[in-house]
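Chemist: Please read through the structure below; I'll follow up with questions.
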Amino acid sequence: MYLAVPLFKLYLINQFEAFFGYYPVREHVVNLEGADTPIWDLMGKDATLFHHAAEPDEESLSSLFIQQSQMWFDSIWNTVAREVPR
């Protein structure tokens, strides 16, 4: 099984709006089995979100961003996403 950590936030709303932001990476030291261990931590709560709204022009930057983001999400959902066993 392959796992990937999220590197960004993406909220798609009704194929009309998108909010997108990168997770900044910070180094932290945590105690693992009694030893201080440096780790790289993705700080999702610190992500700045950028707003995009679809426009009448389907070739505008915001419209294309939303279209491509939806295509990316659908490709992940339909290929690598798996149901979590309960």
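Going by the structure tokens order, chains are called A, B, ..., each with residues numbered from 1, while ligands are numbered from 1 in the order shown.
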Pick out the residues sitting within 12 Å of Leu49 in chain A, and hand them over as a PyMOL selection string; count only C-alpha atoms, and ignore anything fewer than 2 positions along from it in its own chain.
Modeler: chain A and resi 8-11+18-24+44-47+51-52
Chemist: Print the selection's residues with N, CA and C atoms to a file, as a CSV table (one decimal), in the first residue's frame.
Modeler:
chain,number,residue,atom,x,y,z
A,8,PHE,N,-1.4,20.2,0.3
A,8,PHE,CA,-2.2,21.5,0.2
A,8,PHE,C,-3.6,21.2,0.6
A,9,LYS,N,-4.4,22.3,0.7
A,9,LYS,CA,-5.8,22.2,0.9
A,9,LYS,C,-6.5,22.6,-0.4
A,10,LEU,N,-7.6,21.9,-0.7
A,10,LEU,CA,-8.4,22.3,-1.8
A,10,LEU,C,-9.8,22.0,-1.5
A,11,TYR,N,-10.6,23.1,-1.5
A,11,TYR,CA,-12.0,23.0,-1.3
A,11,TYR,C,-12.7,23.4,-2.6
A,18,ALA,N,-13.5,27.6,-5.7
A,18,ALA,CA,-12.4,26.8,-5.2
A,18,ALA,C,-11.6,27.7,-4.2
A,19,PHE,N,-11.2,27.0,-3.1
A,19,PHE,CA,-10.3,27.6,-2.2
A,19,PHE,C,-9.0,26.7,-2.1
A,20,PHE,N,-7.9,27.3,-2.3
A,20,PHE,CA,-6.6,26.5,-2.4
A,20,PHE,C,-5.5,27.1,-1.6
A,21,GLY,N,-4.7,26.3,-0.9
A,21,GLY,CA,-3.6,26.8,-0.2
A,21,GLY,C,-2.6,25.7,0.1
A,22,TYR,N,-1.3,26.1,0.0
A,22,TYR,CA,-0.2,25.1,0.3
A,22,TYR,C,0.0,25.0,1.8
A,23,TYR,N,0.3,23.8,2.2
A,23,TYR,CA,0.7,23.6,3.6
A,23,TYR,C,2.2,24.0,3.8
A,24,PRO,N,2.5,25.0,4.7
A,24,PRO,CA,3.9,25.2,4.9
A,24,PRO,C,4.5,24.1,5.7
A,44,GLY,N,-1.1,22.4,8.2
A,44,GLY,CA,-2.3,22.7,7.5
A,44,GLY,C,-3.1,23.9,8.1
A,45,LYS,N,-3.1,24.1,9.4
A,45,LYS,CA,-3.8,25.2,10.0
A,45,LYS,C,-3.2,26.5,9.6
A,46,ASP,N,-2.0,26.5,9.1
A,46,ASP,CA,-1.4,27.8,8.7
A,46,ASP,C,-1.4,28.1,7.2
A,47,ALA,N,-2.2,27.3,6.5
A,47,ALA,CA,-2.3,27.5,5.1
A,47,ALA,C,-3.1,28.7,4.7
A,51,HIS,N,-8.9,32.3,-3.1
A,51,HIS,CA,-10.3,32.0,-3.6
A,51,HIS,C,-10.3,32.2,-5.2
A,52,HIS,N,-11.0,31.3,-5.8
A,52,HIS,CA,-11.2,31.3,-7.3
A,52,HIS,C,-12.7,31.1,-7.5
Chemist: To test your reading of the structure, identify every residue in range 2-66 of chain A that backbone DSSP assigns to helix (DSSP H, G or I), and report it as a CSV table (one decimal) with all heavy atoms, in the first residue's frame.
Modeler:
chain,number,residue,atom,x,y,z
A,44,GLY,N,-1.1,22.4,8.2
A,44,GLY,CA,-2.3,22.7,7.5
A,44,GLY,C,-3.1,23.9,8.1
A,44,GLY,O,-3.7,24.7,7.3
A,45,LYS,N,-3.1,24.1,9.4
A,45,LYS,CA,-3.8,25.2,10.0
A,45,LYS,C,-3.2,26.5,9.6
A,45,LYS,O,-3.9,27.5,9.7
A,45,LYS,CB,-3.9,25.0,11.5
A,45,LYS,CG,-2.5,25.2,12.2
A,45,LYS,CD,-2.7,25.1,13.7
A,45,LYS,CE,-1.3,25.3,14.4
A,45,LYS,NZ,-0.7,26.6,14.1
A,46,ASP,N,-2.0,26.5,9.1
A,46,ASP,CA,-1.4,27.8,8.7
A,46,ASP,C,-1.4,28.1,7.2
A,46,ASP,O,-0.9,29.1,6.8
A,46,ASP,CB,0.1,27.8,9.2
A,46,ASP,CG,0.3,27.7,10.7
A,46,ASP,OD1,-0.6,28.2,11.4
A,46,ASP,OD2,1.3,27.2,11.1
A,61,LEU,N,-8.6,32.4,-16.1
A,61,LEU,CA,-7.7,31.7,-15.2
A,61,LEU,C,-8.5,31.0,-14.1
A,61,LEU,O,-8.3,29.8,-13.8
A,61,LEU,CB,-6.7,32.6,-14.7
A,61,LEU,CG,-5.7,32.0,-13.7
A,61,LEU,CD1,-4.9,30.9,-14.4
A,61,LEU,CD2,-4.7,33.1,-13.2
A,62,SER,N,-9.4,31.7,-13.5
A,62,SER,CA,-10.2,31.1,-12.4
A,62,SER,C,-11.1,29.9,-12.8
A,62,SER,O,-11.1,28.9,-12.2
A,62,SER,CB,-11.1,32.1,-11.7
A,62,SER,OG,-10.2,33.0,-10.9
A,63,SER,N,-11.7,30.1,-14.0
A,63,SER,CA,-12.6,29.0,-14.5
A,63,SER,C,-11.7,27.8,-14.8
A,63,SER,O,-12.1,26.6,-14.5
A,63,SER,CB,-13.3,29.5,-15.7
A,63,SER,OG,-14.3,30.5,-15.4
A,64,LEU,N,-10.6,28.0,-15.4
A,64,LEU,CA,-9.7,26.9,-15.8
A,64,LEU,C,-9.1,26.2,-14.5
A,64,LEU,O,-9.0,25.0,-14.4
A,64,LEU,CB,-8.6,27.3,-16.7
A,64,LEU,CG,-9.0,27.7,-18.1
A,64,LEU,CD1,-7.8,28.3,-18.8
A,64,LEU,CD2,-9.5,26.5,-18.8
A,65,PHE,N,-8.8,27.0,-13.5
A,65,PHE,CA,-8.3,26.4,-12.2
A,65,PHE,C,-9.4,25.5,-11.6
A,65,PHE,O,-9.0,24.4,-11.2
A,65,PHE,CB,-7.9,27.6,-11.3
A,65,PHE,CG,-7.4,27.0,-10.0
A,65,PHE,CD1,-6.1,26.7,-9.8
A,65,PHE,CD2,-8.2,26.9,-8.9
A,65,PHE,CE1,-5.6,26.2,-8.6
A,65,PHE,CE2,-7.8,26.4,-7.7
A,65,PHE,CZ,-6.4,26.0,-7.6
A,66,ILE,N,-10.6,26.0,-11.6
A,66,ILE,CA,-11.7,25.1,-11.0
A,66,ILE,C,-11.9,23.9,-11.8
A,66,ILE,O,-12.0,22.8,-11.3
A,66,ILE,CB,-13.0,26.0,-10.9
A,66,ILE,CG1,-12.8,27.1,-9.8
A,66,ILE,CG2,-14.2,25.1,-10.5
A,66,ILE,CD1,-13.8,28.1,-9.8
Chemist: Take CA of Gln68 in chain A and CA of Ala53 in chain A and report the distance between them in Å, one decimal.
Modeler: 13.0 Å
Chemist: Between CA of Trp77 in chain A and CA of Phe16 in chain A, what is the distance in Å, rounded to a tenth?
Modeler: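 A separation of 19.0 Å between them.
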Chemist: Mind pulling up the distance from CA of Asn14 in chain A to CA of Ala81 in chain A?
Modeler: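 Interatomic distance, CA of Ala81 in chain A to CA of Asn14 in chain A: 20.5 Å.
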Chemist: In chain A, what's strand (DSSP E or B) per DSSP? Answer as a PyMOL selection string?
Modeler: chain A and resi 8-13+17-22+25-32+35-42+50-53
Chemist: Would you mind listing what lies within 9 Å of Asp41 in chain A as an mmCIF file with C-alpha atoms, in the first residue's frame, with only C-alpha atoms counted and same-chain residues fewer than 4 positions away left out?
Modeler:
data_model
loop_
_atom_site.group_PDB
_atom_site.id
_atom_site.type_symbol
_atom_site.label_atom_id
_atom_site.label_comp_id
_atom_site.auth_asym_id
_atom_site.auth_seq_id
_atom_site.Cartn_x
_atom_site.Cartn_y
_atom_site.Cartn_z
ATOM 1 C CA PRO A 24 3.888 25.246 4.937
ATOM 2 C CA VAL A 25 6.496 22.778 6.231
ATOM 3 C CA ARG A 26 8.143 23.271 9.620
ATOM 4 C CA GLU A 27 10.761 21.248 11.455
ATOM 5 C CA HIS A 28 9.784 20.064 14.930
#
Chemist: Hey, what's within 9 Å of Pro38 in chain A if we count only C-alpha atoms and toss same-chain stuff fewer than 2 positions away? As number ranges by chain, please?
Modeler: A: 27-31, 36, 40
Chemist: For the residues in that selection, give me N, CA, C and O atoms as a PDB file, in the first residue's frame.
Modeler:
ATOM      1  N   GLU A  27      10.052  22.310  10.733  1.00  0.00           N
ATOM      2  CA  GLU A  27      10.761  21.248  11.455  1.00  0.00           C
ATOM      3  C   GLU A  27      10.389  21.337  12.934  1.00  0.00           C
ATOM      4  O   GLU A  27      10.349  22.418  13.521  1.00  0.00           O
ATOM      5  N   HIS A  28      10.098  20.177  13.510  1.00  0.00           N
ATOM      6  CA  HIS A  28       9.784  20.064  14.930  1.00  0.00           C
ATOM      7  C   HIS A  28      10.591  18.906  15.503  1.00  0.00           C
ATOM      8  O   HIS A  28      11.017  18.020  14.773  1.00  0.00           O
ATOM      9  N   VAL A  29      10.773  18.928  16.798  1.00  0.00           N
ATOM     10  CA  VAL A  29      11.420  17.810  17.484  1.00  0.00           C
ATOM     11  C   VAL A  29      10.370  17.159  18.370  1.00  0.00           C
ATOM     12  O   VAL A  29       9.701  17.837  19.154  1.00  0.00           O
ATOM     13  N   VAL A  30      10.188  15.851  18.200  1.00  0.00           N
ATOM     14  CA  VAL A  30       9.248  15.099  19.018  1.00  0.00           C
ATOM     15  C   VAL A  30       9.994  13.974  19.721  1.00  0.00           C
ATOM     16  O   VAL A  30      11.047  13.521  19.257  1.00  0.00           O
ATOM     17  N   ASN A  31       9.439  13.522  20.822  1.00  0.00           N
ATOM     18  CA  ASN A  31      10.061  12.438  21.572  1.00  0.00           C
ATOM     19  C   ASN A  31       9.458  11.124  21.101  1.00  0.00           C
ATOM     20  O   ASN A  31       8.267  10.874  21.272  1.00  0.00           O
ATOM     21  N   ASP A  36      14.735  12.336  21.326  1.00  0.00           N
ATOM     22  CA  ASP A  36      14.292  13.506  20.576  1.00  0.00           C
ATOM     23  C   ASP A  36      14.582  13.271  19.104  1.00  0.00           C
ATOM     24  O   ASP A  36      15.725  13.003  18.715  1.00  0.00           O
ATOM     25  N   TRP A  40       9.587  16.629   9.958  1.00  0.00           N
ATOM     26  CA  TRP A  40       9.030  17.699   9.141  1.00  0.00           C
ATOM     27  C   TRP A  40       7.530  17.614   9.285  1.00  0.00           C
ATOM     28  O   TRP A  40       6.933  16.565   9.077  1.00  0.00           O
TER      29      TRP A  40
END
Chemist: Using only C-alpha atoms, find the one residue out of A:Val5, A:Glu17, A:Asp74, A:Leu12 that sits nearest to Ala54 in chain A.
Modeler: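 Of A:Val5, A:Glu17, A:Asp74, A:Leu12, the one nearest Ala54 in chain A is A:Glu17, counting only C-alpha atoms.
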